[in-house]
Amino acid sequence: MKDSDKSRRIRDMFGAIAGRYDFLNHFLSANLDRRWRKICVREIRERITVPAPMILDVGCGTADLSLAFARLGPVIGCDFCHPMLRIGAQKVLSRSGHQPVSLLGADALMLPFADASFDAVVSAFVLRNLSDIDRGLREMRRVLRPGGVMGFLEFGMPRTAFLAPLYRLYFLQVLPKLGELISGVEGPYGYLPASVQSFPPIEELKQKAECAGFRKVEYRLLTAGIAVLLLGSAGSD
Ligand SMILES: C[S@@+](CC[C@H](N)C(=O)[O-])C[C@H]1O[C@@H](n2cnc3c(N)ncnc32)[C@H](O)[C@@H]1O
């Protein structure tokens with residue numbers, strides 16, 4: 001499949017489920033997604049050295065991660081799916097007491113920002129959707145300032161002997177059916193486990209991030225590896 005075909009398919013798929021996305025996210029993950037975003041914010045906060053950092057949330061979708069990061073500094077969230085952004089914009093308008101959150105339509109593979117524009121670049125559950133992960137990682141590295149930090153959340157597959165078979169049953173059999181039933185859309189919730197299974201393992205993703213120019217790359221397994229958090233910095237060259 002051509003890169004542009006994959007991008008279009010992904011954009012259409014998120015457009016079709018945008019209205020039910022938040023509910024399904026929280027419901028199908030038993031609210032663990034909220035906890036994972038909080039951990040991402042905490043880890044980035046510990047690494048950031050400047051007050052009121054400028055933060056970029058790539059593939060912000062309905063803006064949950066952008067809103068979580070607005071406690072640290074002004075956030076720009078970008079995504080190429082307008083129905084997702086529209087829901088995010090309503091949420092941004094209804095929240096107060098945060099640093100400003102601005103949302104804009106942009107492709108993660110061609111970010112419309114100058115080099116070294118941000119103190120932190122973050123994303124949640126986006127990398128596996130990119131038609132070219134290496135290019136996406138290079139773009140995110142490009143817009144990060146020297147000394148800036150990155151934090152990328154993704155799904156993983158737990159490896160513990162007890163949890164792995166149970167989770168596989170849930171993730172491969174139950175989740176696609178529930179997702180289809182609740183969203184009323186056939187396809188996306190079958191795509192989710194398929195895309196997680198075909199995604200590079202976290203050790204390989206770490207290497208890809210290093211090749212893209214990130215330094216001090218490390219990862220955390222969250223909830224026994226159901227999610228992973230990749231962390232790193234832009235170095236200070
Ligand atoms: C699983 S959702 C995650 C949304 C949000 N980050 C969250 O935590 O809920 C993936 C998002 O990535 C966006 N996305 C995928 N590929 C993209 C690309 N090339 N450029 C911009 N956004 C992209 C999709 O439109 C979708 O909103």
# chains A, B, ... in the order shown; residues from 1 in each chain; ligands from 1
>>> residues_near_ligand(ligand="ligand 1", cutoff="8 Å", atoms="only C-alpha atoms and all ligand atoms", output="number ranges by chain")
A: 7, 10-11, 14-15, 21-22, 25, 33, 37, 57-65, 78-82, 84-85, 105-109, 123-127, 129-131, 136
>>> residues_around(residues="Leu229 (chain A)", least_positions_apart="4", cutoff="12 Å", atoms="only C-alpha atoms", output="VMD selection string")
chain A and resid 33 36 to 44 122 to 125 127 150 to 156 202 to 203 205 to 206 217 to 225
>>> write_last_selection(atoms="N, CA, C and O atoms", output="compact mmCIF listing (two decimals), in the first residue's frame")
# COMPACT_ATOMS: atom_id res chain seq x y z
N ASP A 33 -5.99 4.50 30.04
CA ASP A 33 -5.39 5.50 29.15
C ASP A 33 -5.16 6.82 29.88
O ASP A 33 -4.17 7.50 29.67
N TRP A 36 -2.04 6.44 31.95
CA TRP A 36 -0.82 6.45 31.14
C TRP A 36 -0.45 7.87 30.71
O TRP A 36 0.71 8.24 30.70
N ARG A 37 -1.48 8.68 30.37
CA ARG A 37 -1.17 10.07 29.98
C ARG A 37 -0.58 10.83 31.17
O ARG A 37 0.35 11.61 31.03
N LYS A 38 -1.14 10.57 32.38
CA LYS A 38 -0.62 11.26 33.58
C LYS A 38 0.85 10.88 33.81
O LYS A 38 1.66 11.71 34.17
N ILE A 39 1.16 9.60 33.61
CA ILE A 39 2.55 9.17 33.81
C ILE A 39 3.45 9.87 32.79
O ILE A 39 4.56 10.31 33.12
N CYS A 40 2.97 10.00 31.58
CA CYS A 40 3.75 10.68 30.54
C CYS A 40 4.04 12.13 30.97
O CYS A 40 5.18 12.59 30.89
N VAL A 41 3.01 12.82 31.47
CA VAL A 41 3.20 14.21 31.92
C VAL A 41 4.23 14.25 33.06
O VAL A 41 5.15 15.08 33.06
N ARG A 42 4.09 13.33 34.01
CA ARG A 42 5.00 13.32 35.16
C ARG A 42 6.45 13.10 34.72
O ARG A 42 7.36 13.81 35.16
N GLU A 43 6.66 12.15 33.83
CA GLU A 43 8.02 11.84 33.39
C GLU A 43 8.64 13.01 32.62
O GLU A 43 9.82 13.30 32.76
N ILE A 44 7.83 13.66 31.81
CA ILE A 44 8.35 14.81 31.05
C ILE A 44 8.63 15.98 32.00
O ILE A 44 9.66 16.65 31.89
N VAL A 122 5.54 15.49 22.36
CA VAL A 122 4.90 14.31 22.94
C VAL A 122 3.88 13.75 21.96
O VAL A 122 3.43 14.46 21.04
N SER A 123 3.52 12.49 22.16
CA SER A 123 2.42 11.93 21.37
C SER A 123 1.87 10.70 22.09
O SER A 123 2.59 10.08 22.90
N ALA A 124 0.64 10.37 21.82
CA ALA A 124 0.03 9.20 22.44
C ALA A 124 -0.69 8.38 21.39
O ALA A 124 -1.62 8.88 20.73
N PHE A 125 -0.24 7.15 21.22
CA PHE A 125 -0.90 6.17 20.36
C PHE A 125 -0.97 6.62 18.89
O PHE A 125 -1.97 6.40 18.21
N LEU A 127 2.32 6.76 16.78
CA LEU A 127 3.45 6.27 15.96
C LEU A 127 3.04 5.09 15.08
O LEU A 127 3.41 5.01 13.92
N MET A 150 11.44 14.37 24.72
CA MET A 150 10.32 13.74 24.02
C MET A 150 9.71 12.64 24.89
O MET A 150 10.40 12.03 25.71
N GLY A 151 8.41 12.40 24.70
CA GLY A 151 7.73 11.32 25.38
C GLY A 151 6.63 10.77 24.49
O GLY A 151 5.70 11.51 24.13
N PHE A 152 6.77 9.52 24.06
CA PHE A 152 5.79 8.92 23.15
C PHE A 152 5.15 7.71 23.82
O PHE A 152 5.85 6.76 24.18
N LEU A 153 3.84 7.75 23.92
CA LEU A 153 3.10 6.58 24.44
C LEU A 153 2.67 5.70 23.27
O LEU A 153 2.27 6.21 22.22
N GLU A 154 2.74 4.41 23.45
CA GLU A 154 2.19 3.48 22.46
C GLU A 154 1.61 2.25 23.18
O GLU A 154 1.90 2.05 24.36
N PHE A 155 0.83 1.50 22.45
CA PHE A 155 0.38 0.22 23.00
C PHE A 155 1.48 -0.82 22.84
O PHE A 155 2.29 -0.74 21.92
N GLY A 156 1.48 -1.79 23.74
CA GLY A 156 2.40 -2.92 23.61
C GLY A 156 1.62 -4.20 23.87
O GLY A 156 0.40 -4.16 24.04
N ILE A 202 9.37 -2.65 21.32
CA ILE A 202 9.86 -1.41 21.92
C ILE A 202 11.39 -1.25 21.78
O ILE A 202 11.89 -0.15 21.58
N GLU A 203 12.13 -2.37 21.83
CA GLU A 203 13.59 -2.26 21.68
C GLU A 203 13.94 -1.71 20.29
O GLU A 203 14.85 -0.89 20.14
N LEU A 205 11.91 0.12 18.42
CA LEU A 205 11.45 1.51 18.37
C LEU A 205 12.49 2.44 19.01
O LEU A 205 12.75 3.54 18.51
N LYS A 206 13.08 1.97 20.09
CA LYS A 206 14.13 2.74 20.77
C LYS A 206 15.28 3.00 19.77
O LYS A 206 15.77 4.12 19.65
N VAL A 217 17.78 7.72 25.03
CA VAL A 217 16.46 7.10 24.82
C VAL A 217 16.29 5.92 25.78
O VAL A 217 17.19 5.10 25.94
N GLU A 218 15.16 5.90 26.43
CA GLU A 218 14.85 4.80 27.35
C GLU A 218 13.34 4.55 27.27
O GLU A 218 12.60 5.34 26.67
N TYR A 219 12.92 3.46 27.85
CA TYR A 219 11.47 3.22 27.84
C TYR A 219 11.00 2.65 29.16
O TYR A 219 11.77 2.06 29.92
N ARG A 220 9.70 2.86 29.41
CA ARG A 220 9.04 2.28 30.59
C ARG A 220 7.91 1.38 30.08
O ARG A 220 7.17 1.78 29.17
N LEU A 221 7.79 0.21 30.68
CA LEU A 221 6.62 -0.61 30.40
C LEU A 221 5.53 -0.21 31.38
O LEU A 221 5.79 -0.16 32.60
N LEU A 222 4.36 0.12 30.91
CA LEU A 222 3.26 0.54 31.79
C LEU A 222 2.22 -0.59 31.84
O LEU A 222 1.90 -1.19 30.81
N THR A 223 1.69 -0.82 33.04
CA THR A 223 0.68 -1.88 33.24
C THR A 223 1.15 -3.19 32.59
O THR A 223 0.50 -3.74 31.70
N ALA A 224 2.31 -3.63 33.04
CA ALA A 224 2.91 -4.90 32.60
C ALA A 224 3.17 -4.95 31.09
O ALA A 224 3.23 -6.03 30.51
N GLY A 225 3.27 -3.78 30.47
CA GLY A 225 3.63 -3.76 29.04
C GLY A 225 2.43 -3.60 28.12
O GLY A 225 2.60 -3.61 26.89
>>> residues_around(residues="Leu28 (chain A)", least_positions_apart="5", cutoff="10 Å", atoms="only C-alpha atoms", output="list in words")
Phe23, Asp33, Tyr170, Phe171, Val174, Leu175, Pro176, Leu178 and Gly179 of chain A
>>> write_last_selection(atoms="N, CA and C atoms", output="short mmCIF file (atom, residue, chain, number, x, y, z; two decimals), in the first residue's frame")
data_model
loop_
_atom_site.label_atom_id
_atom_site.label_comp_id
_atom_site.auth_asym_id
_atom_site.auth_seq_id
_atom_site.Cartn_x
_atom_site.Cartn_y
_atom_site.Cartn_z
N PHE A 23 -15.14 8.05 24.50
CA PHE A 23 -15.85 7.06 25.32
C PHE A 23 -15.20 5.68 25.18
N ASP A 33 -5.99 4.50 30.04
CA ASP A 33 -5.39 5.50 29.15
C ASP A 33 -5.16 6.82 29.88
N TYR A 170 -8.55 -10.86 25.25
CA TYR A 170 -9.34 -9.63 25.30
C TYR A 170 -9.06 -8.76 24.07
N PHE A 171 -7.77 -8.55 23.80
CA PHE A 171 -7.36 -7.57 22.78
C PHE A 171 -7.70 -8.05 21.37
N VAL A 174 -12.19 -9.85 22.06
CA VAL A 174 -13.31 -9.13 22.69
C VAL A 174 -13.34 -7.67 22.25
N LEU A 175 -12.18 -7.00 22.34
CA LEU A 175 -12.12 -5.56 22.04
C LEU A 175 -12.63 -5.21 20.64
N PRO A 176 -12.23 -5.93 19.57
CA PRO A 176 -12.74 -5.56 18.24
C PRO A 176 -14.27 -5.64 18.16
N LEU A 178 -16.49 -5.43 20.74
CA LEU A 178 -17.10 -4.36 21.54
C LEU A 178 -16.97 -3.01 20.83
N GLY A 179 -15.79 -2.77 20.29
CA GLY A 179 -15.53 -1.49 19.60
C GLY A 179 -16.49 -1.31 18.43
#
>>> closest_residue(among="A:Gln197, A:Ser183, A:Gln173, A:Thr160", to="Gly19 (chain A)", atoms="only C-alpha atoms")
A:Ser183
>>> atom_distance(atom1="CA of His98 (chain A)", atom2="CA of Ala70 (chain A)")
5.5 Å
>>> select_by_dssp(residues="region 52-222 of chain A", states="helix (DSSP H, G or I)", output="JSON, numbers by chain")
{"A": [64, 65, 66, 67, 68, 69, 82, 83, 84, 85, 86, 87, 88, 89, 90, 91, 92, 93, 94, 127, 128, 129, 133, 134, 135, 136, 137, 138, 139, 140, 141, 142, 163, 164, 165, 166, 167, 168, 169, 170, 171, 172, 173, 174, 175, 176, 177, 178, 179, 180, 181, 182, 183, 188, 189, 190, 191, 192, 193, 194, 195, 196, 197, 198, 202, 203, 204, 205, 206, 207, 208, 209, 210, 211]}
>>> decode(residues="region 34-46 of chain A", atoms="all heavy atoms", output="PDB file, in the first residue's frame")
ATOM      1  N   ARG A  34      -6.082   7.165  30.805  1.00  0.00           N
ATOM      2  CA  ARG A  34      -5.926   8.420  31.564  1.00  0.00           C
ATOM      3  C   ARG A  34      -4.671   8.342  32.438  1.00  0.00           C
ATOM      4  O   ARG A  34      -3.889   9.280  32.540  1.00  0.00           O
ATOM      5  CB  ARG A  34      -7.143   8.645  32.461  1.00  0.00           C
ATOM      6  CG  ARG A  34      -8.388   9.010  31.695  1.00  0.00           C
ATOM      7  CD  ARG A  34      -9.473   9.479  32.679  1.00  0.00           C
ATOM      8  NE  ARG A  34     -10.481  10.259  32.025  1.00  0.00           N
ATOM      9  CZ  ARG A  34     -11.738   9.845  31.840  1.00  0.00           C
ATOM     10  NH1 ARG A  34     -12.122   8.666  32.261  1.00  0.00           N
ATOM     11  NH2 ARG A  34     -12.607  10.627  31.242  1.00  0.00           N
ATOM     12  N   ARG A  35      -4.527   7.183  33.064  1.00  0.00           N
ATOM     13  CA  ARG A  35      -3.369   6.978  33.948  1.00  0.00           C
ATOM     14  C   ARG A  35      -2.059   7.048  33.139  1.00  0.00           C
ATOM     15  O   ARG A  35      -1.089   7.665  33.562  1.00  0.00           O
ATOM     16  CB  ARG A  35      -3.528   5.598  34.599  1.00  0.00           C
ATOM     17  CG  ARG A  35      -2.496   5.261  35.591  1.00  0.00           C
ATOM     18  CD  ARG A  35      -2.849   3.926  36.263  1.00  0.00           C
ATOM     19  NE  ARG A  35      -1.649   3.203  36.608  1.00  0.00           N
ATOM     20  CZ  ARG A  35      -0.817   3.553  37.557  1.00  0.00           C
ATOM     21  NH1 ARG A  35      -1.061   4.613  38.286  1.00  0.00           N
ATOM     22  NH2 ARG A  35       0.269   2.854  37.804  1.00  0.00           N
ATOM     23  N   TRP A  36      -2.044   6.443  31.955  1.00  0.00           N
ATOM     24  CA  TRP A  36      -0.824   6.447  31.138  1.00  0.00           C
ATOM     25  C   TRP A  36      -0.452   7.874  30.715  1.00  0.00           C
ATOM     26  O   TRP A  36       0.712   8.240  30.704  1.00  0.00           O
ATOM     27  CB  TRP A  36      -1.007   5.562  29.903  1.00  0.00           C
ATOM     28  CG  TRP A  36      -1.249   4.112  30.227  1.00  0.00           C
ATOM     29  CD1 TRP A  36      -0.789   3.432  31.319  1.00  0.00           C
ATOM     30  CD2 TRP A  36      -2.016   3.175  29.457  1.00  0.00           C
ATOM     31  NE1 TRP A  36      -1.219   2.124  31.270  1.00  0.00           N
ATOM     32  CE2 TRP A  36      -1.968   1.941  30.141  1.00  0.00           C
ATOM     33  CE3 TRP A  36      -2.725   3.253  28.262  1.00  0.00           C
ATOM     34  CZ2 TRP A  36      -2.611   0.795  29.658  1.00  0.00           C
ATOM     35  CZ3 TRP A  36      -3.366   2.115  27.781  1.00  0.00           C
ATOM     36  CH2 TRP A  36      -3.301   0.909  28.478  1.00  0.00           C
ATOM     37  N   ARG A  37      -1.480   8.677  30.369  1.00  0.00           N
ATOM     38  CA  ARG A  37      -1.167  10.065  29.982  1.00  0.00           C
ATOM     39  C   ARG A  37      -0.585  10.827  31.170  1.00  0.00           C
ATOM     40  O   ARG A  37       0.348  11.612  31.025  1.00  0.00           O
ATOM     41  CB  ARG A  37      -2.423  10.768  29.458  1.00  0.00           C
ATOM     42  CG  ARG A  37      -2.861  10.278  28.106  1.00  0.00           C
ATOM     43  CD  ARG A  37      -3.958  11.150  27.508  1.00  0.00           C
ATOM     44  NE  ARG A  37      -4.477  10.533  26.306  1.00  0.00           N
ATOM     45  CZ  ARG A  37      -5.459   9.630  26.284  1.00  0.00           C
ATOM     46  NH1 ARG A  37      -6.058   9.282  27.406  1.00  0.00           N
ATOM     47  NH2 ARG A  37      -5.853   9.095  25.147  1.00  0.00           N
ATOM     48  N   LYS A  38      -1.143  10.568  32.384  1.00  0.00           N
ATOM     49  CA  LYS A  38      -0.620  11.257  33.581  1.00  0.00           C
ATOM     50  C   LYS A  38       0.845  10.878  33.807  1.00  0.00           C
ATOM     51  O   LYS A  38       1.663  11.714  34.172  1.00  0.00           O
ATOM     52  CB  LYS A  38      -1.423  10.852  34.826  1.00  0.00           C
ATOM     53  CG  LYS A  38      -2.648  11.695  35.015  1.00  0.00           C
ATOM     54  CD  LYS A  38      -3.293  11.407  36.359  1.00  0.00           C
ATOM     55  CE  LYS A  38      -4.694  11.965  36.372  1.00  0.00           C
ATOM     56  NZ  LYS A  38      -5.609  11.242  37.226  1.00  0.00           N
ATOM     57  N   ILE A  39       1.162   9.604  33.615  1.00  0.00           N
ATOM     58  CA  ILE A  39       2.553   9.166  33.811  1.00  0.00           C
ATOM     59  C   ILE A  39       3.454   9.865  32.794  1.00  0.00           C
ATOM     60  O   ILE A  39       4.556  10.314  33.123  1.00  0.00           O
ATOM     61  CB  ILE A  39       2.662   7.621  33.681  1.00  0.00           C
ATOM     62  CG1 ILE A  39       1.911   6.955  34.831  1.00  0.00           C
ATOM     63  CG2 ILE A  39       4.119   7.172  33.644  1.00  0.00           C
ATOM     64  CD1 ILE A  39       1.796   5.435  34.733  1.00  0.00           C
ATOM     65  N   CYS A  40       2.970   9.996  31.575  1.00  0.00           N
ATOM     66  CA  CYS A  40       3.750  10.676  30.538  1.00  0.00           C
ATOM     67  C   CYS A  40       4.041  12.125  30.969  1.00  0.00           C
ATOM     68  O   CYS A  40       5.177  12.592  30.887  1.00  0.00           O
ATOM     69  CB  CYS A  40       2.979  10.630  29.217  1.00  0.00           C
ATOM     70  SG  CYS A  40       3.838  11.378  27.836  1.00  0.00           S
ATOM     71  N   VAL A  41       3.013  12.819  31.469  1.00  0.00           N
ATOM     72  CA  VAL A  41       3.200  14.207  31.923  1.00  0.00           C
ATOM     73  C   VAL A  41       4.229  14.247  33.059  1.00  0.00           C
ATOM     74  O   VAL A  41       5.150  15.079  33.062  1.00  0.00           O
ATOM     75  CB  VAL A  41       1.860  14.818  32.396  1.00  0.00           C
ATOM     76  CG1 VAL A  41       2.082  16.202  33.008  1.00  0.00           C
ATOM     77  CG2 VAL A  41       0.862  14.894  31.250  1.00  0.00           C
ATOM     78  N   ARG A  42       4.088  13.332  34.012  1.00  0.00           N
ATOM     79  CA  ARG A  42       5.003  13.325  35.162  1.00  0.00           C
ATOM     80  C   ARG A  42       6.450  13.100  34.722  1.00  0.00           C
ATOM     81  O   ARG A  42       7.364  13.808  35.159  1.00  0.00           O
ATOM     82  CB  ARG A  42       4.568  12.217  36.128  1.00  0.00           C
ATOM     83  CG  ARG A  42       5.248  12.308  37.487  1.00  0.00           C
ATOM     84  CD  ARG A  42       4.859  11.145  38.339  1.00  0.00           C
ATOM     85  NE  ARG A  42       5.377   9.907  37.811  1.00  0.00           N
ATOM     86  CZ  ARG A  42       4.797   8.703  37.939  1.00  0.00           C
ATOM     87  NH1 ARG A  42       3.646   8.589  38.567  1.00  0.00           N
ATOM     88  NH2 ARG A  42       5.351   7.621  37.451  1.00  0.00           N
ATOM     89  N   GLU A  43       6.659  12.152  33.830  1.00  0.00           N
ATOM     90  CA  GLU A  43       8.020  11.839  33.388  1.00  0.00           C
ATOM     91  C   GLU A  43       8.636  13.012  32.623  1.00  0.00           C
ATOM     92  O   GLU A  43       9.819  13.304  32.762  1.00  0.00           O
ATOM     93  CB  GLU A  43       8.026  10.579  32.502  1.00  0.00           C
ATOM     94  CG  GLU A  43       7.650   9.309  33.236  1.00  0.00           C
ATOM     95  CD  GLU A  43       8.771   8.771  34.131  1.00  0.00           C
ATOM     96  OE1 GLU A  43       9.925   9.184  33.979  1.00  0.00           O
ATOM     97  OE2 GLU A  43       8.457   7.930  34.998  1.00  0.00           O
ATOM     98  N   ILE A  44       7.831  13.658  31.809  1.00  0.00           N
ATOM     99  CA  ILE A  44       8.350  14.810  31.046  1.00  0.00           C
ATOM    100  C   ILE A  44       8.633  15.978  32.002  1.00  0.00           C
ATOM    101  O   ILE A  44       9.660  16.648  31.891  1.00  0.00           O
ATOM    102  CB  ILE A  44       7.334  15.241  29.945  1.00  0.00           C
ATOM    103  CG1 ILE A  44       7.210  14.147  28.889  1.00  0.00           C
ATOM    104  CG2 ILE A  44       7.716  16.573  29.331  1.00  0.00           C
ATOM    105  CD1 ILE A  44       8.417  13.948  27.999  1.00  0.00           C
ATOM    106  N   ARG A  45       7.724  16.192  32.970  1.00  0.00           N
ATOM    107  CA  ARG A  45       7.926  17.294  33.923  1.00  0.00           C
ATOM    108  C   ARG A  45       9.259  17.127  34.656  1.00  0.00           C
ATOM    109  O   ARG A  45       9.987  18.088  34.876  1.00  0.00           O
ATOM    110  CB  ARG A  45       6.768  17.327  34.937  1.00  0.00           C
ATOM    111  CG  ARG A  45       6.807  18.566  35.830  1.00  0.00           C
ATOM    112  CD  ARG A  45       5.684  18.567  36.836  1.00  0.00           C
ATOM    113  NE  ARG A  45       5.649  17.317  37.579  1.00  0.00           N
ATOM    114  CZ  ARG A  45       4.551  16.689  37.976  1.00  0.00           C
ATOM    115  NH1 ARG A  45       3.378  17.200  37.699  1.00  0.00           N
ATOM    116  NH2 ARG A  45       4.605  15.566  38.651  1.00  0.00           N
ATOM    117  N   GLU A  46       9.589  15.890  35.008  1.00  0.00           N
ATOM    118  CA  GLU A  46      10.843  15.641  35.728  1.00  0.00           C
ATOM    119  C   GLU A  46      12.074  15.923  34.875  1.00  0.00           C
ATOM    120  O   GLU A  46      13.149  16.173  35.391  1.00  0.00           O
ATOM    121  CB  GLU A  46      10.891  14.177  36.208  1.00  0.00           C
ATOM    122  CG  GLU A  46      10.022  13.964  37.426  1.00  0.00           C
ATOM    123  CD  GLU A  46       9.864  12.487  37.779  1.00  0.00           C
ATOM    124  OE1 GLU A  46      10.557  11.649  37.175  1.00  0.00           O
ATOM    125  OE2 GLU A  46       9.037  12.189  38.654  1.00  0.00           O
TER     126      GLU A  46
END
